[in-house]
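J.: See upload.pdb below, with PDB, C-alpha atoms, pLDDT in the B column.
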ATOM      1  CA  MET A   1     -42.738-127.851 111.809  1.00 96.00           C
ATOM      2  CA  LYS A   2     -39.135-127.954 113.004  1.00 97.00           C
ATOM      3  CA  THR A   3     -36.667-125.626 111.335  1.00 98.00           C
ATOM      4  CA  GLN A   4     -32.949-125.136 111.644  1.00 97.00           C
ATOM      5  CA  LEU A   5     -31.065-122.382 109.822  1.00 98.00           C
ATOM      6  CA  THR A   6     -27.296-122.099 109.860  1.00 98.00           C
ATOM      7  CA  LEU A   7     -25.033-119.502 108.264  1.00 98.00           C
ATOM      8  CA  THR A   8     -21.433-120.601 108.470  1.00 98.00           C
ATOM      9  CA  PRO A   9     -18.029-119.898 106.976  1.00 98.00           C
ATOM     10  CA  ASN A  10     -17.116-123.564 107.417  1.00 97.00           C
ATOM     11  CA  PRO A  11     -17.622-126.523 105.060  1.00 97.00           C
ATOM     12  CA  ILE A  12     -20.986-128.218 105.500  1.00 96.00           C
ATOM     13  CA  PRO A  13     -20.571-131.573 107.286  1.00 90.00           C
ATOM     14  CA  LYS A  14     -22.507-134.644 106.217  1.00 89.00           C
ATOM     15  CA  SER A  15     -25.288-135.500 108.624  1.00 87.00           C
ATOM     16  CA  PRO A  16     -27.782-138.369 108.849  1.00 89.00           C
ATOM     17  CA  PRO A  17     -31.348-137.617 107.727  1.00 89.00           C
ATOM     18  CA  ALA A  18     -33.626-136.061 110.334  1.00 85.00           C
ATOM     19  CA  MET A  19     -36.049-138.981 110.420  1.00 83.00           C
ATOM     20  CA  ALA A  20     -39.301-139.079 112.363  1.00 85.00           C
ATOM     21  CA  ASP A  21     -42.158-141.587 112.623  1.00 89.00           C
ATOM     22  CA  GLY A  22     -44.591-141.214 109.751  1.00 89.00           C
ATOM     23  CA  MET A  23     -42.138-139.390 107.497  1.00 91.00           C
ATOM     24  CA  GLY A  24     -41.784-141.182 104.185  1.00 95.00           C
ATOM     25  CA  ALA A  25     -39.672-138.663 102.269  1.00 96.00           C
ATOM     26  CA  VAL A  26     -36.405-136.835 102.801  1.00 96.00           C
ATOM     27  CA  VAL A  27     -35.405-134.468  99.994  1.00 97.00           C
ATOM     28  CA  THR A  28     -31.946-132.951 100.111  1.00 97.00           C
ATOM     29  CA  PHE A  29     -30.422-130.358  97.812  1.00 97.00           C
ATOM     30  CA  HIS A  30     -26.791-129.368  97.461  1.00 97.00           C
ATOM     31  CA  GLY A  31     -25.983-126.104  95.710  1.00 97.00           C
ATOM     32  CA  VAL A  32     -22.397-126.387  94.482  1.00 98.00           C
ATOM     33  CA  VAL A  33     -19.981-123.691  93.302  1.00 98.00           C
ATOM     34  CA  ARG A  34     -19.331-124.043  89.577  1.00 97.00           C
ATOM     35  CA  GLY A  35     -15.864-123.582  88.106  1.00 97.00           C
ATOM     36  CA  THR A  36     -16.951-120.851  85.731  1.00 96.00           C
ATOM     37  CA  GLU A  37     -18.752-117.548  86.121  1.00 92.00           C
ATOM     38  CA  ASP A  38     -19.857-115.534  83.090  1.00 89.00           C
ATOM     39  CA  GLY A  39     -17.784-117.872  80.915  1.00 93.00           C
ATOM     40  CA  GLU A  40     -14.548-117.345  82.846  1.00 95.00           C
ATOM     41  CA  SER A  41     -12.758-119.762  85.148  1.00 97.00           C
ATOM     42  CA  ILE A  42     -12.941-118.990  88.849  1.00 98.00           C
ATOM     43  CA  THR A  43     -11.399-120.521  91.966  1.00 98.00           C
ATOM     44  CA  ALA A  44     -14.149-119.700  94.465  1.00 98.00           C
ATOM     45  CA  ILE A  45     -17.230-117.630  95.228  1.00 98.00           C
ATOM     46  CA  HIS A  46     -17.274-115.164  98.105  1.00 98.00           C
ATOM     47  CA  TYR A  47     -20.721-114.962  99.725  1.00 98.00           C
ATOM     48  CA  GLU A  48     -21.830-111.889 101.667  1.00 98.00           C
ATOM     49  CA  ALA A  49     -24.977-111.918 103.814  1.00 98.00           C
ATOM     50  CA  ASN A  50     -27.067-109.282 105.549  1.00 97.00           C
ATOM     51  CA  GLU A  51     -27.399-111.816 108.336  1.00 97.00           C
ATOM     52  CA  THR A  52     -30.220-110.334 110.413  1.00 98.00           C
ATOM     53  CA  MET A  53     -32.390-109.853 107.355  1.00 98.00           C
ATOM     54  CA  VAL A  54     -31.386-113.249 105.963  1.00 98.00           C
ATOM     55  CA  ARG A  55     -32.703-114.950 109.090  1.00 98.00           C
ATOM     56  CA  HIS A  56     -35.951-112.987 108.987  1.00 98.00           C
ATOM     57  CA  GLN A  57     -36.572-113.657 105.309  1.00 98.00           C
ATOM     58  CA  PHE A  58     -35.922-117.376 105.710  1.00 98.00           C
ATOM     59  CA  GLU A  59     -38.378-117.431 108.629  1.00 98.00           C
ATOM     60  CA  LEU A  60     -41.022-115.899 106.348  1.00 98.00           C
ATOM     61  CA  ILE A  61     -40.303-118.544 103.699  1.00 98.00           C
ATOM     62  CA  PHE A  62     -40.460-121.355 106.260  1.00 98.00           C
ATOM     63  CA  ALA A  63     -43.813-120.006 107.487  1.00 98.00           C
ATOM     64  CA  ALA A  64     -45.142-119.930 103.925  1.00 98.00           C
ATOM     65  CA  ILE A  65     -44.076-123.549 103.453  1.00 98.00           C
ATOM     66  CA  GLU A  66     -45.787-124.586 106.680  1.00 98.00           C
ATOM     67  CA  ASN A  67     -48.988-122.972 105.415  1.00 98.00           C
ATOM     68  CA  GLN A  68     -48.892-124.843 102.113  1.00 98.00           C
ATOM     69  CA  TRP A  69     -47.493-128.317 102.744  1.00 98.00           C
ATOM     70  CA  PRO A  70     -47.455-130.871 105.601  1.00 97.00           C
ATOM     71  CA  VAL A  71     -43.700-130.626 106.018  1.00 97.00           C
ATOM     72  CA  GLU A  72     -42.222-132.102 109.203  1.00 96.00           C
ATOM     73  CA  SER A  73     -38.838-130.396 109.210  1.00 97.00           C
ATOM     74  CA  ILE A  74     -36.494-128.111 107.280  1.00 98.00           C
ATOM     75  CA  ARG A  75     -32.778-127.852 107.829  1.00 97.00           C
ATOM     76  CA  LEU A  76     -30.834-125.317 105.790  1.00 98.00           C
ATOM     77  CA  VAL A  77     -27.170-124.362 105.795  1.00 98.00           C
ATOM     78  CA  HIS A  78     -25.784-121.508 103.677  1.00 98.00           C
ATOM     79  CA  ARG A  79     -22.088-120.767 103.552  1.00 98.00           C
ATOM     80  CA  VAL A  80     -20.757-117.228 103.944  1.00 98.00           C
ATOM     81  CA  GLY A  81     -17.300-116.039 103.042  1.00 98.00           C
ATOM     82  CA  GLU A  82     -15.203-117.868 100.480  1.00 98.00           C
ATOM     83  CA  VAL A  83     -16.420-121.191  99.087  1.00 98.00           C
ATOM     84  CA  ALA A  84     -14.088-123.068  96.732  1.00 98.00           C
ATOM     85  CA  VAL A  85     -15.160-124.510  93.387  1.00 98.00           C
ATOM     86  CA  ASN A  86     -16.900-127.900  93.769  1.00 97.00           C
ATOM     87  CA  GLU A  87     -17.760-127.211  97.426  1.00 98.00           C
ATOM     88  CA  THR A  88     -21.350-127.014  98.655  1.00 98.00           C
ATOM     89  CA  SER A  89     -22.551-123.460  99.284  1.00 98.00           C
ATOM     90  CA  LEU A  90     -26.157-124.364 100.107  1.00 98.00           C
ATOM     91  CA  TRP A  91     -27.597-127.480 101.721  1.00 98.00           C
ATOM     92  CA  VAL A  92     -31.305-128.029 102.250  1.00 98.00           C
ATOM     93  CA  GLU A  93     -33.086-131.004 103.786  1.00 97.00           C
ATOM     94  CA  ILE A  94     -36.866-131.316 103.937  1.00 97.00           C
ATOM     95  CA  THR A  95     -38.806-134.181 105.483  1.00 97.00           C
ATOM     96  CA  SER A  96     -42.475-134.878 104.928  1.00 97.00           C
ATOM     97  CA  PRO A  97     -44.920-137.804 104.881  1.00 97.00           C
ATOM     98  CA  HIS A  98     -44.778-138.113 101.063  1.00 97.00           C
ATOM     99  CA  ARG A  99     -42.327-137.129  98.326  1.00 97.00           C
ATOM    100  CA  ALA A 100     -44.546-134.710  96.396  1.00 97.00           C
ATOM    101  CA  GLU A 101     -44.751-132.106  99.150  1.00 97.00           C
ATOM    102  CA  ALA A 102     -41.059-132.439  99.998  1.00 98.00           C
ATOM    103  CA  PHE A 103     -40.017-131.828  96.369  1.00 98.00           C
ATOM    104  CA  ALA A 104     -42.503-128.962  96.007  1.00 98.00           C
ATOM    105  CA  ALA A 105     -41.452-127.307  99.253  1.00 98.00           C
ATOM    106  CA  CYS A 106     -37.769-127.588  98.367  1.00 98.00           C
ATOM    107  CA  GLN A 107     -38.317-126.021  94.940  1.00 98.00           C
ATOM    108  CA  PHE A 108     -40.396-123.246  96.505  1.00 98.00           C
ATOM    109  CA  LEU A 109     -37.825-122.572  99.200  1.00 98.00           C
ATOM    110  CA  ILE A 110     -34.955-122.210  96.731  1.00 98.00           C
ATOM    111  CA  ASP A 111     -36.974-120.083  94.302  1.00 98.00           C
ATOM    112  CA  GLU A 112     -38.023-117.752  97.126  1.00 98.00           C
ATOM    113  CA  MET A 113     -34.490-117.607  98.501  1.00 98.00           C
ATOM    114  CA  LYS A 114     -33.115-116.562  95.123  1.00 97.00           C
ATOM    115  CA  ALA A 115     -35.643-113.713  94.962  1.00 97.00           C
ATOM    116  CA  LYS A 116     -35.743-112.462  98.550  1.00 98.00           C
ATOM    117  CA  VAL A 117     -32.912-113.578 100.824  1.00 98.00           C
ATOM    118  CA  PRO A 118     -30.167-110.921 100.913  1.00 98.00           C
ATOM    119  CA  ILE A 119     -27.085-112.924 100.082  1.00 98.00           C
ATOM    120  CA  TRP A 120     -24.715-111.846  97.315  1.00 98.00           C
ATOM    121  CA  LYS A 121     -21.816-113.520  95.606  1.00 96.00           C
ATOM    122  CA  ARG A 122     -18.573-112.289  94.143  1.00 96.00           C
ATOM    123  CA  ALA A 123     -16.389-114.467  91.943  1.00 97.00           C
ATOM    124  CA  VAL A 124     -12.817-115.097  93.090  1.00 97.00           C
ATOM    125  CA  ARG A 125     -10.466-115.535  90.119  1.00 95.00           C
TER     126      ARG A 125
ATOM    127  CA  MET B   1     -35.693 -86.827 110.631  1.00 95.00           C
ATOM    128  CA  LYS B   2     -32.492 -88.815 110.389  1.00 97.00           C
ATOM    129  CA  ILE B   3     -32.397 -92.034 108.407  1.00 98.00           C
ATOM    130  CA  THR B   4     -29.444 -94.402 108.280  1.00 98.00           C
ATOM    131  CA  VAL B   5     -28.954 -95.893 104.827  1.00 98.00           C
ATOM    132  CA  LYS B   6     -26.831 -99.030 104.562  1.00 98.00           C
ATOM    133  CA  PHE B   7     -25.339-100.305 101.297  1.00 98.00           C
ATOM    134  CA  TRP B   8     -24.684-103.944 100.488  1.00 98.00           C
ATOM    135  CA  SER B   9     -22.690-105.908  97.922  1.00 98.00           C
ATOM    136  CA  TYR B  10     -21.241-103.831  95.078  1.00 97.00           C
ATOM    137  CA  PHE B  11     -23.374-100.848  96.069  1.00 98.00           C
ATOM    138  CA  ARG B  12     -20.612-100.234  98.620  1.00 98.00           C
ATOM    139  CA  ASP B  13     -18.147-100.034  95.726  1.00 97.00           C
ATOM    140  CA  LEU B  14     -20.404 -97.567  93.913  1.00 98.00           C
ATOM    141  CA  THR B  15     -20.830 -95.351  96.985  1.00 98.00           C
ATOM    142  CA  GLU B  16     -17.381 -96.001  98.487  1.00 98.00           C
ATOM    143  CA  CYS B  17     -18.974 -96.332 101.938  1.00 98.00           C
ATOM    144  CA  ASP B  18     -20.922 -98.847 104.049  1.00 98.00           C
ATOM    145  CA  GLU B  19     -23.614 -96.431 105.165  1.00 98.00           C
ATOM    146  CA  THR B  20     -24.668 -92.804 105.208  1.00 98.00           C
ATOM    147  CA  LEU B  21     -26.949 -90.613 107.288  1.00 98.00           C
ATOM    148  CA  ILE B  22     -29.662 -88.760 105.371  1.00 97.00           C
ATOM    149  CA  LYS B  23     -31.855 -85.976 106.757  1.00 96.00           C
ATOM    150  CA  ILE B  24     -35.403 -85.873 105.375  1.00 96.00           C
ATOM    151  CA  GLU B  25     -38.650 -84.118 106.208  1.00 95.00           C
ATOM    152  CA  GLU B  26     -41.387 -85.815 108.210  1.00 96.00           C
ATOM    153  CA  GLY B  27     -43.767 -87.806 106.039  1.00 95.00           C
ATOM    154  CA  GLU B  28     -41.246 -88.517 103.299  1.00 97.00           C
ATOM    155  CA  THR B  29     -41.378 -91.872 101.584  1.00 98.00           C
ATOM    156  CA  LEU B  30     -38.837 -94.542 100.855  1.00 98.00           C
ATOM    157  CA  GLY B  31     -39.038 -93.622  97.168  1.00 98.00           C
ATOM    158  CA  ASN B  32     -38.172 -89.988  97.951  1.00 97.00           C
ATOM    159  CA  LEU B  33     -35.259 -91.123 100.104  1.00 98.00           C
ATOM    160  CA  HIS B  34     -33.983 -93.286  97.244  1.00 98.00           C
ATOM    161  CA  VAL B  35     -33.964 -90.258  94.950  1.00 98.00           C
ATOM    162  CA  THR B  36     -32.080 -88.237  97.577  1.00 98.00           C
ATOM    163  CA  VAL B  37     -29.526 -91.014  97.962  1.00 98.00           C
ATOM    164  CA  MET B  38     -29.027 -91.237  94.178  1.00 98.00           C
ATOM    165  CA  THR B  39     -28.402 -87.473  94.104  1.00 98.00           C
ATOM    166  CA  LYS B  40     -25.714 -87.899  96.756  1.00 98.00           C
ATOM    167  CA  PHE B  41     -24.265 -91.012  95.092  1.00 98.00           C
ATOM    168  CA  PRO B  42     -24.889 -90.637  91.319  1.00 98.00           C
ATOM    169  CA  LYS B  43     -23.305 -94.005  90.475  1.00 98.00           C
ATOM    170  CA  LEU B  44     -26.347 -95.702  92.071  1.00 98.00           C
ATOM    171  CA  ALA B  45     -28.662 -94.165  89.501  1.00 97.00           C
ATOM    172  CA  LYS B  46     -27.860 -96.728  86.801  1.00 96.00           C
ATOM    173  CA  MET B  47     -29.201 -99.416  89.177  1.00 97.00           C
ATOM    174  CA  LYS B  48     -32.362 -97.464  90.017  1.00 97.00           C
ATOM    175  CA  ASN B  49     -34.869 -99.917  88.587  1.00 96.00           C
ATOM    176  CA  SER B  50     -33.283-103.049  90.044  1.00 97.00           C
ATOM    177  CA  THR B  51     -32.473-101.688  93.500  1.00 98.00           C
ATOM    178  CA  LEU B  52     -34.100-103.615  96.346  1.00 98.00           C
ATOM    179  CA  LYS B  53     -35.158-101.594  99.380  1.00 98.00           C
ATOM    180  CA  ALA B  54     -35.726-102.714 102.942  1.00 98.00           C
ATOM    181  CA  VAL B  55     -36.597-100.898 106.145  1.00 98.00           C
ATOM    182  CA  GLY B  56     -35.224-102.898 109.040  1.00 98.00           C
ATOM    183  CA  VAL B  57     -35.515-106.528 107.968  1.00 98.00           C
ATOM    184  CA  ASP B  58     -38.578-106.187 105.716  1.00 98.00           C
ATOM    185  CA  TYR B  59     -38.851-105.201 102.076  1.00 98.00           C
ATOM    186  CA  GLN B  60     -40.930-102.098 101.500  1.00 98.00           C
ATOM    187  CA  THR B  61     -42.323-100.311  98.474  1.00 98.00           C
ATOM    188  CA  ASP B  62     -41.596 -96.732  97.401  1.00 98.00           C
ATOM    189  CA  ASP B  63     -44.763 -95.391  99.060  1.00 98.00           C
ATOM    190  CA  PHE B  64     -43.662 -96.563 102.534  1.00 98.00           C
ATOM    191  CA  VAL B  65     -43.592 -93.554 104.895  1.00 98.00           C
ATOM    192  CA  LEU B  66     -40.366 -93.410 106.880  1.00 98.00           C
ATOM    193  CA  SER B  67     -40.000 -92.647 110.597  1.00 97.00           C
ATOM    194  CA  ASP B  68     -37.170 -90.938 112.444  1.00 97.00           C
ATOM    195  CA  GLY B  69     -34.387 -93.411 113.160  1.00 96.00           C
ATOM    196  CA  ASP B  70     -35.381 -95.942 110.497  1.00 97.00           C
ATOM    197  CA  GLU B  71     -32.572 -98.032 109.081  1.00 98.00           C
ATOM    198  CA  VAL B  72     -32.873 -98.465 105.326  1.00 98.00           C
ATOM    199  CA  SER B  73     -30.925-101.001 103.294  1.00 98.00           C
ATOM    200  CA  LEU B  74     -30.320-100.563  99.567  1.00 98.00           C
ATOM    201  CA  PHE B  75     -28.872-103.416  97.566  1.00 98.00           C
ATOM    202  CA  PRO B  76     -28.741-105.100  94.155  1.00 98.00           C
ATOM    203  CA  PRO B  77     -30.705-108.262  93.274  1.00 98.00           C
ATOM    204  CA  VAL B  78     -29.881-111.099  95.643  1.00 98.00           C
ATOM    205  CA  GLN B  79     -27.806-114.117  94.589  1.00 95.00           C
ATOM    206  CA  GLY B  80     -27.946-116.781  97.285  1.00 93.00           C
ATOM    207  CA  GLY B  81     -27.477-120.465  96.624  1.00 92.00           C
TER     208      GLY B  81
END
Take the structure in this file and express it as structure tokens.
T.:
Amino acid sequence: MKTQLTLTPNPIPKSPPAMADGMGAVVTFHGVVRGTEDGESITAIHYEANETMVRHQFELIFAAIENQWPVESIRLVHRVGEVAVNETSLWVEITSPHRAEAFAACQFLIDEMKAKVPIWKRAVR
Amino acid sequence: MKITVKFWSYFRDLTECDETLIKIEEGETLGNLHVTVMTKFPKLAKMKNSTLKAVGVDYQTDDFVLSDGDEVSLFPPVQGG
């Protein structure tokens, strides 16, 4: 399984799907900064990451996915620093032979990330 | 033994520092260290039950026995995405 993990302060560029022979499904997910936090308007979210641990924890999650589903590739980009409202803070792309495993792996990845990957946010008002 | 304890997110606000050096006896556990840290930084105590603890880059439980030079991270629940 191919994996690519990027932590960046820059906006996430659009990129063509990572296609490969025999892959029938590409699932992508965009996590986007909402304009409100705890009921109050905000202008941005500031993301802080414990980068070394972030990379290790994502590697553990990727390994767990490889053990459960026939996924061909995972690409993941998470922004750090300030991300304006309506911008993408998280982008995930998963390719697999069929849609069911790609959807399942994507859901699993995001659920695990939200429990284990040491990234924190702070609202900018 | 000397253990470096790093704080992340708003735990840095509560402790007013990025990290601290704690001296403990050989054989002490991560749970014991957490108690020592909360004694030094009482504002962390209100987050006791939701504090996540890692040694190096791996999460560990309170019964994990620390070694000299370990780097411990204490932080609130994560919020990526």
J.: May I ask which of the residues B:Val78, B:Met47, B:Val57, B:Val65 is the closest one to Lys6 (chain B), counting all atoms listed in the file?
T.: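 Selected residue with least distance to Lys6 (chain B): B:Val57.
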J.: Using the chain letters and numbers from the file, which residues does the PyMOL selection byres ((chain B and resi 14-20) around 12) grab, as a PyMOL selection string?
T.: chain B and resi 2-13+21-23+33+36-47+71-76
J.: May I ask for the distance between CA of Asp38 (chain A) and CA of Val85 (chain A), given in Å to one decimal place?
T.: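 These two atoms are separated by 14.4 Å.
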J.: Run the PyMOL selection byres ((chain A and resi 70) around 10) on the file and write out the hits as a list of chain:residue names.
T.: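 Given this file, the PyMOL selection byres ((chain A and resi 70) around 10) evaluates to A:Met1, A:Ile65, A:Glu66, A:Asn67, A:Gln68, A:Trp69, A:Val71, A:Glu72, A:Ser73, A:Thr95, A:Ser96, A:Pro97, A:His98, A:Glu101, A:Ala102, A:Ala105.
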J.: I would like the residues chosen by the PyMOL selection byres ((chain A) within 10 of (chain B)) on the shown file; could you give them as a VMD selection string?
T.: chain A and resid 30 to 33 47 to 57 77 to 80 88 to 91 110 to 111 113 to 122
J.: Around region 49-56 of chain B, fit a box with edges along x, y and z, padding it by 5 Å on each side, then list its centre and edge lengths in Å to one decimal as lines of an AutoDock Vina configuration file.
T.:
center_x = -34.5
center_y = -101.8
center_z = 98.8
size_x = 14.1
size_y = 13.7
size_z = 30.5
J.: What's the separation between CA of Ala104 (chain A) and CA of Gly22 (chain A), in Å to one decimal place?
T.: 18.5 Å
J.: Between CA of Gln60 (chain B) and CA of Thr29 (chain B), measure the distance and give it in Å to one decimal.
T.: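 Here the two named atoms are 10.2 Å from each other.
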J.: Write out as a PyMOL selection string the residues lying within 9 Å of His34 (chain B), counting all atoms listed in the file and excluding same-chain residues fewer than 6 positions away.
T.: chain B and resi 48+53+62+74
